[in-house]
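Shown next: entry.pdb, given as PDB, C-alpha atoms, pLDDT in the B column.
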ATOM      1  CA  MET A   1       4.859  13.605   9.349  1.00 80.00           C
ATOM      2  CA  SER A   2       1.398  12.137   8.992  1.00 89.00           C
ATOM      3  CA  THR A   3       0.170   8.770  10.211  1.00 92.00           C
ATOM      4  CA  VAL A   4      -2.532   6.512   8.819  1.00 93.00           C
ATOM      5  CA  ARG A   5      -3.877   3.415  10.556  1.00 95.00           C
ATOM      6  CA  GLU A   6      -6.522   1.051   9.263  1.00 95.00           C
ATOM      7  CA  THR A   7      -7.718  -2.466  10.014  1.00 97.00           C
ATOM      8  CA  VAL A   8      -9.839  -4.775   7.877  1.00 98.00           C
ATOM      9  CA  GLU A   9     -11.093  -8.286   8.326  1.00 98.00           C
ATOM     10  CA  VAL A  10     -10.716 -10.402   5.207  1.00 98.00           C
ATOM     11  CA  GLU A  11     -12.583 -13.605   4.601  1.00 98.00           C
ATOM     12  CA  VAL A  12      -9.586 -15.744   3.664  1.00 98.00           C
ATOM     13  CA  PRO A  13      -7.156 -17.816   5.747  1.00 98.00           C
ATOM     14  CA  LEU A  14      -4.115 -16.085   7.239  1.00 98.00           C
ATOM     15  CA  HIS A  15      -1.607 -17.609   4.802  1.00 97.00           C
ATOM     16  CA  THR A  16      -3.709 -16.513   1.815  1.00 98.00           C
ATOM     17  CA  ALA A  17      -3.871 -12.870   2.930  1.00 98.00           C
ATOM     18  CA  TYR A  18      -0.175 -12.795   3.801  1.00 98.00           C
ATOM     19  CA  ASN A  19       0.970 -14.538   0.622  1.00 98.00           C
ATOM     20  CA  GLN A  20      -1.017 -12.154  -1.581  1.00 98.00           C
ATOM     21  CA  TRP A  21       0.429  -9.117   0.202  1.00 98.00           C
ATOM     22  CA  THR A  22       3.951 -10.348  -0.661  1.00 97.00           C
ATOM     23  CA  GLN A  23       3.077 -10.046  -4.363  1.00 97.00           C
ATOM     24  CA  PHE A  24       4.199  -6.407  -4.574  1.00 97.00           C
ATOM     25  CA  THR A  25       4.019  -6.224  -8.365  1.00 97.00           C
ATOM     26  CA  GLU A  26       0.253  -6.805  -8.065  1.00 97.00           C
ATOM     27  CA  PHE A  27      -0.303  -3.733  -5.835  1.00 98.00           C
ATOM     28  CA  PRO A  28      -1.480  -1.537  -8.760  1.00 98.00           C
ATOM     29  CA  ARG A  29      -4.504  -3.853  -9.054  1.00 97.00           C
ATOM     30  CA  PHE A  30      -5.903  -2.582  -5.739  1.00 97.00           C
ATOM     31  CA  MET A  31      -3.852   0.479  -4.744  1.00 96.00           C
ATOM     32  CA  GLU A  32      -5.158   3.720  -6.181  1.00 93.00           C
ATOM     33  CA  GLY A  33      -2.411   5.906  -7.603  1.00 90.00           C
ATOM     34  CA  VAL A  34       0.164   3.114  -7.782  1.00 96.00           C
ATOM     35  CA  ASP A  35       1.156   2.806 -11.428  1.00 97.00           C
ATOM     36  CA  GLN A  36       3.840   0.135 -11.110  1.00 98.00           C
ATOM     37  CA  VAL A  37       5.907  -1.730  -8.523  1.00 98.00           C
ATOM     38  CA  THR A  38       9.066  -3.439  -9.711  1.00 98.00           C
ATOM     39  CA  GLN A  39      10.547  -5.989  -7.339  1.00 97.00           C
ATOM     40  CA  VAL A  40      14.329  -5.565  -7.513  1.00 97.00           C
ATOM     41  CA  ASP A  41      15.166  -8.388  -5.095  1.00 97.00           C
ATOM     42  CA  ASP A  42      13.721  -9.974  -1.933  1.00 96.00           C
ATOM     43  CA  ARG A  43      14.217  -6.737   0.040  1.00 97.00           C
ATOM     44  CA  HIS A  44      13.863  -3.912  -2.483  1.00 98.00           C
ATOM     45  CA  ASN A  45      11.082  -2.504  -4.668  1.00 98.00           C
ATOM     46  CA  HIS A  46      10.899   0.446  -7.040  1.00 98.00           C
ATOM     47  CA  TRP A  47       7.572   2.336  -7.060  1.00 97.00           C
ATOM     48  CA  SER A  48       5.986   4.583  -9.656  1.00 97.00           C
ATOM     49  CA  THR A  49       2.923   6.520  -8.439  1.00 92.00           C
ATOM     50  CA  SER A  50       0.584   9.259  -9.584  1.00 88.00           C
ATOM     51  CA  ILE A  51      -1.147  11.017  -6.720  1.00 76.00           C
ATOM     52  CA  ALA A  52      -3.039  14.291  -6.963  1.00 70.00           C
ATOM     53  CA  GLY A  53      -1.775  14.635 -10.526  1.00 80.00           C
ATOM     54  CA  VAL A  54       1.878  14.387  -9.463  1.00 84.00           C
ATOM     55  CA  HIS A  55       4.110  11.548 -10.653  1.00 91.00           C
ATOM     56  CA  ARG A  56       6.611  10.233  -8.097  1.00 91.00           C
ATOM     57  CA  GLU A  57       9.182   7.446  -8.131  1.00 95.00           C
ATOM     58  CA  PHE A  58      10.881   6.001  -5.087  1.00 96.00           C
ATOM     59  CA  ASP A  59      12.573   2.915  -3.697  1.00 98.00           C
ATOM     60  CA  THR A  60      11.615   0.919  -0.628  1.00 98.00           C
ATOM     61  CA  GLU A  61      13.399  -1.606   1.516  1.00 98.00           C
ATOM     62  CA  ILE A  62      11.711  -4.298   3.564  1.00 98.00           C
ATOM     63  CA  VAL A  63      13.329  -4.062   6.977  1.00 98.00           C
ATOM     64  CA  ASP A  64      11.391  -6.838   8.748  1.00 98.00           C
ATOM     65  CA  GLN A  65       9.358  -9.664   7.295  1.00 98.00           C
ATOM     66  CA  LEU A  66       8.056 -12.625   9.279  1.00 98.00           C
ATOM     67  CA  PRO A  67       5.758 -14.976   7.339  1.00 98.00           C
ATOM     68  CA  ASP A  68       2.094 -14.881   8.374  1.00 98.00           C
ATOM     69  CA  GLU A  69       2.833 -12.104  10.877  1.00 98.00           C
ATOM     70  CA  ARG A  70       4.282  -8.837   9.538  1.00 98.00           C
ATOM     71  CA  ILE A  71       6.030  -6.861   6.833  1.00 98.00           C
ATOM     72  CA  ALA A  72       7.747  -3.560   7.662  1.00 98.00           C
ATOM     73  CA  TRP A  73       9.288  -1.212   5.091  1.00 98.00           C
ATOM     74  CA  ARG A  74      10.827   2.206   4.615  1.00 98.00           C
ATOM     75  CA  THR A  75      11.773   4.354   1.672  1.00 97.00           C
ATOM     76  CA  THR A  76      15.449   4.489   0.800  1.00 98.00           C
ATOM     77  CA  SER A  77      15.502   7.007  -2.056  1.00 96.00           C
ATOM     78  CA  GLY A  78      13.319   9.045  -4.352  1.00 93.00           C
ATOM     79  CA  ASP A  79      10.526  11.572  -4.056  1.00 81.00           C
ATOM     80  CA  VAL A  80       8.673   9.994  -1.131  1.00 85.00           C
ATOM     81  CA  GLN A  81       9.481   9.636   2.582  1.00 91.00           C
ATOM     82  CA  GLN A  82       7.521   6.887   4.342  1.00 94.00           C
ATOM     83  CA  GLN A  83       7.684   3.873   6.561  1.00 97.00           C
ATOM     84  CA  GLY A  84       5.049   1.334   7.297  1.00 97.00           C
ATOM     85  CA  LEU A  85       4.016  -1.898   8.900  1.00 98.00           C
ATOM     86  CA  VAL A  86       1.339  -4.369   7.875  1.00 98.00           C
ATOM     87  CA  THR A  87       0.430  -7.134  10.317  1.00 98.00           C
ATOM     88  CA  PHE A  88      -1.726 -10.217   9.920  1.00 98.00           C
ATOM     89  CA  ARG A  89      -3.675 -12.014  12.655  1.00 98.00           C
ATOM     90  CA  SER A  90      -5.747 -15.143  12.249  1.00 98.00           C
ATOM     91  CA  LEU A  91      -9.274 -14.740  13.604  1.00 98.00           C
ATOM     92  CA  ASP A  92     -10.287 -18.292  12.713  1.00 98.00           C
ATOM     93  CA  ALA A  93      -9.602 -20.789   9.913  1.00 98.00           C
ATOM     94  CA  THR A  94     -11.181 -18.548   7.243  1.00 98.00           C
ATOM     95  CA  HIS A  95     -10.835 -14.972   8.556  1.00 98.00           C
ATOM     96  CA  THR A  96      -7.790 -12.753   8.962  1.00 98.00           C
ATOM     97  CA  GLU A  97      -7.326  -9.312  10.456  1.00 98.00           C
ATOM     98  CA  VAL A  98      -5.004  -7.079   8.422  1.00 98.00           C
ATOM     99  CA  ASN A  99      -3.631  -3.979  10.165  1.00 98.00           C
ATOM    100  CA  LEU A 100      -1.806  -1.247   8.261  1.00 97.00           C
ATOM    101  CA  ALA A 101       0.112   1.637   9.816  1.00 97.00           C
ATOM    102  CA  MET A 102       2.028   4.164   7.708  1.00 95.00           C
ATOM    103  CA  VAL A 103       3.978   7.281   8.542  1.00 93.00           C
ATOM    104  CA  PHE A 104       4.752   9.597   5.640  1.00 88.00           C
ATOM    105  CA  GLU A 105       5.997  13.077   4.882  1.00 85.00           C
ATOM    106  CA  PRO A 106       3.947  14.835   2.186  1.00 79.00           C
ATOM    107  CA  THR A 107       6.184  16.643  -0.295  1.00 78.00           C
ATOM    108  CA  GLY A 108       5.133  19.357  -2.682  1.00 74.00           C
ATOM    109  CA  MET A 109       2.028  21.509  -2.615  1.00 75.00           C
ATOM    110  CA  ALA A 110      -0.334  18.898  -4.086  1.00 71.00           C
ATOM    111  CA  GLU A 111       0.582  16.208  -1.546  1.00 75.00           C
ATOM    112  CA  LYS A 112       0.473  18.656   1.372  1.00 75.00           C
ATOM    113  CA  ALA A 113      -2.987  19.830   0.293  1.00 76.00           C
ATOM    114  CA  ALA A 114      -4.152  16.223  -0.151  1.00 72.00           C
ATOM    115  CA  ASP A 115      -2.837  15.409   3.320  1.00 71.00           C
ATOM    116  CA  MET A 116      -4.493  18.447   4.926  1.00 81.00           C
ATOM    117  CA  THR A 117      -7.878  17.620   3.386  1.00 81.00           C
ATOM    118  CA  GLY A 118      -7.652  13.945   4.393  1.00 78.00           C
ATOM    119  CA  THR A 119      -7.399  12.743   0.804  1.00 78.00           C
ATOM    120  CA  LEU A 120      -4.203  10.749   1.407  1.00 77.00           C
ATOM    121  CA  ASP A 121      -5.654   9.183   4.558  1.00 85.00           C
ATOM    122  CA  ARG A 122      -8.796   8.116   2.670  1.00 90.00           C
ATOM    123  CA  ARG A 123      -6.771   6.820  -0.262  1.00 86.00           C
ATOM    124  CA  ILE A 124      -4.522   4.630   1.907  1.00 89.00           C
ATOM    125  CA  LYS A 125      -7.482   3.313   3.902  1.00 94.00           C
ATOM    126  CA  GLY A 126      -9.305   2.700   0.625  1.00 95.00           C
ATOM    127  CA  ASP A 127      -6.324   0.703  -0.642  1.00 96.00           C
ATOM    128  CA  LEU A 128      -6.641  -1.670   2.297  1.00 96.00           C
ATOM    129  CA  HIS A 129     -10.369  -2.123   1.657  1.00 97.00           C
ATOM    130  CA  ARG A 130      -9.683  -2.711  -2.054  1.00 98.00           C
ATOM    131  CA  PHE A 131      -7.145  -5.368  -1.000  1.00 98.00           C
ATOM    132  CA  LYS A 132      -9.954  -7.005   0.996  1.00 98.00           C
ATOM    133  CA  ASP A 133     -12.250  -7.003  -2.045  1.00 98.00           C
ATOM    134  CA  PHE A 134      -9.427  -8.195  -4.312  1.00 98.00           C
ATOM    135  CA  ILE A 135      -8.378 -11.205  -2.201  1.00 98.00           C
ATOM    136  CA  GLU A 136     -11.913 -12.215  -1.199  1.00 98.00           C
ATOM    137  CA  HIS A 137     -13.038 -12.134  -4.831  1.00 96.00           C
ATOM    138  CA  ARG A 138     -10.055 -14.268  -5.881  1.00 93.00           C
ATOM    139  CA  GLY A 139     -10.341 -16.583  -2.877  1.00 90.00           C
ATOM    140  CA  GLN A 140      -6.712 -17.598  -3.236  1.00 92.00           C
ATOM    141  CA  GLU A 141      -3.347 -15.917  -3.503  1.00 93.00           C
ATOM    142  CA  GLU A 142      -1.535 -15.477  -6.804  1.00 92.00           C
ATOM    143  CA  GLY A 143       1.736 -16.565  -5.235  1.00 90.00           C
ATOM    144  CA  GLY A 144       3.697 -15.896  -2.108  1.00 92.00           C
ATOM    145  CA  TRP A 145       7.150 -15.367  -0.724  1.00 92.00           C
ATOM    146  CA  ARG A 146       7.675 -16.917   2.694  1.00 93.00           C
ATOM    147  CA  GLY A 147      11.246 -15.878   3.377  1.00 95.00           C
ATOM    148  CA  ARG A 148      12.365 -14.192   6.585  1.00 96.00           C
ATOM    149  CA  ILE A 149      13.965 -10.752   6.573  1.00 96.00           C
ATOM    150  CA  SER A 150      15.331  -9.793   9.953  1.00 95.00           C
ATOM    151  CA  PRO A 151      15.733  -6.200  11.147  1.00 91.00           C
ATOM    152  CA  GLY A 152      19.241  -4.788  11.293  1.00 79.00           C
TER     153      GLY A 152
END

Give the structure from the file, written as structure tokens.
Amino acid sequence: MSTVRETVEVEVPLHTAYNQWTQFTEFPRFMEGVDQVTQVDDRHNHWSTSIAGVHREFDTEIVDQLPDERIAWRTTSGDVQQQGLVTFRSLDATHTEVNLAMVFEPTGMAEKAADMTGTLDRRIKGDLHRFKDFIEHRGQEEGGWRGRISPG
């Protein structure tokens, strides 16, 4: 298993950063290699990705979601094994700290090579920085889901 951690400060209020992150179908706009995310229901998403020339599809489940604080997920089926947590912390009225931690198991030769060379680490960290650019450029969220999903 490999772990990636990254933190960025975004120049938007806490609720704006959080609300935008809940718009999973918009992830391809700032996540490299993510072709499509289909939101099945409040808890489940289906992902289609192309990384290192390899197409993968998988399903995720949100296991913990607390508005303006955190979203935790894990894969439930498909070609990818991962779990992650994104947290949000208000720094002041117009700045938010976004922390991302992911644990994943590279599968196949291409993903293992990309992991060994640091390509996956750089890509995931780059995704978080592209999120920063995306939300700061927009200045406002495109929507938001503020429901609570409790663990267990």

Point-to-point distance in Å for CA of Gly152 in chain A and CA of Phe24 in chain A:
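So the two atoms, CA of Phe24 in chain A and CA of Gly152 in chain A, lie 21.9 Å apart.
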
Which residues would end up in the selection if the PyMOL selection byres ((chain A and resi 9) around 7) were applied here, given that I need the answer as a ChimeraX atom specification?
/A:7-8,10-11,95-98

As a list in words, please: the residues near range 81-84 of chain A (cut-off 9 Å, all atoms listed in the file, same-chain neighbours under 6 positions excluded).
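Once the nearby chain positions are removed, what remains is Met1, Phe58, Thr60, Ile71, Ala72, Trp73, Arg74, Thr75, Leu100, Ala101, Met102, Val103, Phe104, Glu105, Pro106 and Thr107 of chain A.
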
Might you spell out which residues the PyMOL selection byres ((chain A and resi 17) around 10) would select in the displayed file, as a VMD selection string?
chain A and resid 10 to 16 18 to 22 68 88 to 90 95 to 98 131 to 132 135 to 136 139 to 141 144

Report as a list in words all protein, DNA and RNA residues lying within 12 Å of Arg122 in chain A, evaluated on only C-alpha atoms, omitting residues in the same chain fewer than 3 positions from it.
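My list of contacting residues is Thr3, Val4, Arg5, Glu6, Met31, Glu32, Ala114, Asp115, Met116, Thr117, Gly118, Thr119, Lys125, Gly126, Asp127, Leu128, His129 and Arg130 of chain A.
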
From the structure block, carefully write range 47-61 of chain A out with all heavy atoms; format it as an mmCIF file, in the first residue's frame.
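Result file is result-v5.cif:
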data_model
loop_
_atom_site.group_PDB
_atom_site.id
_atom_site.type_symbol
_atom_site.label_atom_id
_atom_site.label_comp_id
_atom_site.auth_asym_id
_atom_site.auth_seq_id
_atom_site.Cartn_x
_atom_site.Cartn_y
_atom_site.Cartn_z
ATOM 1 N N TRP A 47 -16.444 5.513 -10.819
ATOM 2 C CA TRP A 47 -15.317 6.242 -11.404
ATOM 3 C C TRP A 47 -14.820 5.553 -12.660
ATOM 4 O O TRP A 47 -14.751 4.329 -12.717
ATOM 5 C CB TRP A 47 -14.166 6.293 -10.413
ATOM 6 C CG TRP A 47 -14.427 7.089 -9.190
ATOM 7 C CD1 TRP A 47 -15.314 6.802 -8.190
ATOM 8 C CD2 TRP A 47 -13.784 8.298 -8.815
ATOM 9 N NE1 TRP A 47 -15.257 7.768 -7.221
ATOM 10 C CE2 TRP A 47 -14.322 8.694 -7.580
ATOM 11 C CE3 TRP A 47 -12.790 9.077 -9.405
ATOM 12 C CZ2 TRP A 47 -13.916 9.840 -6.920
ATOM 13 C CZ3 TRP A 47 -12.380 10.214 -8.745
ATOM 14 C CH2 TRP A 47 -12.937 10.598 -7.519
ATOM 15 N N SER A 48 -14.425 6.361 -13.623
ATOM 16 C CA SER A 48 -13.755 5.894 -14.830
ATOM 17 C C SER A 48 -12.474 6.715 -14.954
ATOM 18 O O SER A 48 -12.532 7.953 -15.017
ATOM 19 C CB SER A 48 -14.665 6.117 -16.043
ATOM 20 O OG SER A 48 -14.003 5.756 -17.219
ATOM 21 N N THR A 49 -11.314 6.033 -14.963
ATOM 22 C CA THR A 49 -10.028 6.732 -14.983
ATOM 23 C C THR A 49 -9.123 6.168 -16.072
ATOM 24 O O THR A 49 -9.292 5.030 -16.520
ATOM 25 C CB THR A 49 -9.296 6.608 -13.629
ATOM 26 O OG1 THR A 49 -8.993 5.230 -13.385
ATOM 27 C CG2 THR A 49 -10.134 7.161 -12.490
ATOM 28 N N SER A 50 -8.168 6.974 -16.456
ATOM 29 C CA SER A 50 -7.113 6.551 -17.382
ATOM 30 C C SER A 50 -5.808 7.062 -16.811
ATOM 31 O O SER A 50 -5.531 8.269 -16.848
ATOM 32 C CB SER A 50 -7.340 7.132 -18.776
ATOM 33 O OG SER A 50 -8.565 6.690 -19.303
ATOM 34 N N ILE A 51 -5.021 6.145 -16.259
ATOM 35 C CA ILE A 51 -3.761 6.513 -15.634
ATOM 36 C C ILE A 51 -2.659 5.653 -16.219
ATOM 37 O O ILE A 51 -2.793 4.427 -16.297
ATOM 38 C CB ILE A 51 -3.839 6.356 -14.099
ATOM 39 C CG1 ILE A 51 -4.915 7.311 -13.562
ATOM 40 C CG2 ILE A 51 -2.498 6.612 -13.449
ATOM 41 C CD1 ILE A 51 -5.189 7.187 -12.088
ATOM 42 N N ALA A 52 -1.593 6.303 -16.627
ATOM 43 C CA ALA A 52 -0.448 5.618 -17.239
ATOM 44 C C ALA A 52 -0.902 4.751 -18.412
ATOM 45 O O ALA A 52 -0.413 3.648 -18.617
ATOM 46 C CB ALA A 52 0.296 4.794 -16.193
ATOM 47 N N GLY A 53 -1.881 5.262 -19.164
ATOM 48 C CA GLY A 53 -2.359 4.554 -20.342
ATOM 49 C C GLY A 53 -3.267 3.376 -20.050
ATOM 50 O O GLY A 53 -3.610 2.617 -20.950
ATOM 51 N N VAL A 54 -3.663 3.195 -18.798
ATOM 52 C CA VAL A 54 -4.504 2.065 -18.408
ATOM 53 C C VAL A 54 -5.857 2.589 -17.941
ATOM 54 O O VAL A 54 -5.930 3.438 -17.057
ATOM 55 C CB VAL A 54 -3.829 1.242 -17.285
ATOM 56 C CG1 VAL A 54 -4.737 0.104 -16.842
ATOM 57 C CG2 VAL A 54 -2.480 0.718 -17.746
ATOM 58 N N HIS A 55 -6.923 2.059 -18.540
ATOM 59 C CA HIS A 55 -8.280 2.449 -18.175
ATOM 60 C C HIS A 55 -8.753 1.579 -17.011
ATOM 61 O O HIS A 55 -8.593 0.360 -17.030
ATOM 62 C CB HIS A 55 -9.223 2.299 -19.372
ATOM 63 C CG HIS A 55 -10.623 2.704 -19.053
ATOM 64 N ND1 HIS A 55 -11.007 4.016 -18.956
ATOM 65 C CD2 HIS A 55 -11.726 1.967 -18.783
ATOM 66 C CE1 HIS A 55 -12.293 4.070 -18.640
ATOM 67 N NE2 HIS A 55 -12.749 2.834 -18.537
ATOM 68 N N ARG A 56 -9.306 2.209 -15.991
ATOM 69 C CA ARG A 56 -9.832 1.494 -14.829
ATOM 70 C C ARG A 56 -11.212 2.041 -14.488
ATOM 71 O O ARG A 56 -11.473 3.230 -14.659
ATOM 72 C CB ARG A 56 -8.930 1.688 -13.602
ATOM 73 C CG ARG A 56 -7.533 1.182 -13.760
ATOM 74 C CD ARG A 56 -7.482 -0.288 -13.437
ATOM 75 N NE ARG A 56 -6.105 -0.740 -13.395
ATOM 76 C CZ ARG A 56 -5.661 -1.791 -14.039
ATOM 77 N NH1 ARG A 56 -6.478 -2.513 -14.768
ATOM 78 N NH2 ARG A 56 -4.405 -2.157 -13.950
ATOM 79 N N GLU A 57 -12.067 1.171 -13.981
ATOM 80 C CA GLU A 57 -13.366 1.569 -13.456
ATOM 81 C C GLU A 57 -13.519 0.971 -12.064
ATOM 82 O O GLU A 57 -13.077 -0.154 -11.814
ATOM 83 C CB GLU A 57 -14.493 1.096 -14.367
ATOM 84 C CG GLU A 57 -14.433 1.790 -15.714
ATOM 85 C CD GLU A 57 -15.759 1.832 -16.427
ATOM 86 O OE1 GLU A 57 -16.811 1.693 -15.765
ATOM 87 O OE2 GLU A 57 -15.729 2.037 -17.648
ATOM 88 N N PHE A 58 -14.117 1.751 -11.169
ATOM 89 C CA PHE A 58 -14.304 1.271 -9.813
ATOM 90 C C PHE A 58 -15.415 2.063 -9.141
ATOM 91 O O PHE A 58 -15.846 3.105 -9.627
ATOM 92 C CB PHE A 58 -12.999 1.363 -9.004
ATOM 93 C CG PHE A 58 -12.401 2.746 -8.921
ATOM 94 C CD1 PHE A 58 -12.657 3.574 -7.835
ATOM 95 C CD2 PHE A 58 -11.566 3.223 -9.927
ATOM 96 C CE1 PHE A 58 -12.095 4.844 -7.758
ATOM 97 C CE2 PHE A 58 -11.004 4.490 -9.858
ATOM 98 C CZ PHE A 58 -11.267 5.304 -8.769
ATOM 99 N N ASP A 59 -15.871 1.533 -8.017
ATOM 100 C CA ASP A 59 -16.937 2.153 -7.244
ATOM 101 C C ASP A 59 -16.403 2.549 -5.881
ATOM 102 O O ASP A 59 -15.576 1.835 -5.296
ATOM 103 C CB ASP A 59 -18.112 1.186 -7.081
ATOM 104 C CG ASP A 59 -18.733 0.841 -8.415
ATOM 105 O OD1 ASP A 59 -19.107 1.780 -9.154
ATOM 106 O OD2 ASP A 59 -18.830 -0.357 -8.745
ATOM 107 N N THR A 60 -16.892 3.691 -5.390
ATOM 108 C CA THR A 60 -16.505 4.151 -4.060
ATOM 109 C C THR A 60 -17.745 4.370 -3.209
ATOM 110 O O THR A 60 -18.840 4.602 -3.717
ATOM 111 C CB THR A 60 -15.708 5.473 -4.112
ATOM 112 O OG1 THR A 60 -16.488 6.479 -4.763
ATOM 113 C CG2 THR A 60 -14.375 5.287 -4.816
ATOM 114 N N GLU A 61 -17.506 4.292 -1.907
ATOM 115 C CA GLU A 61 -18.548 4.560 -0.926
ATOM 116 C C GLU A 61 -18.027 5.601 0.043
ATOM 117 O O GLU A 61 -16.911 5.477 0.556
ATOM 118 C CB GLU A 61 -18.893 3.287 -0.155
ATOM 119 C CG GLU A 61 -19.880 3.516 0.968
ATOM 120 C CD GLU A 61 -20.103 2.279 1.818
ATOM 121 O OE1 GLU A 61 -19.193 1.437 1.928
ATOM 122 O OE2 GLU A 61 -21.206 2.184 2.385
#
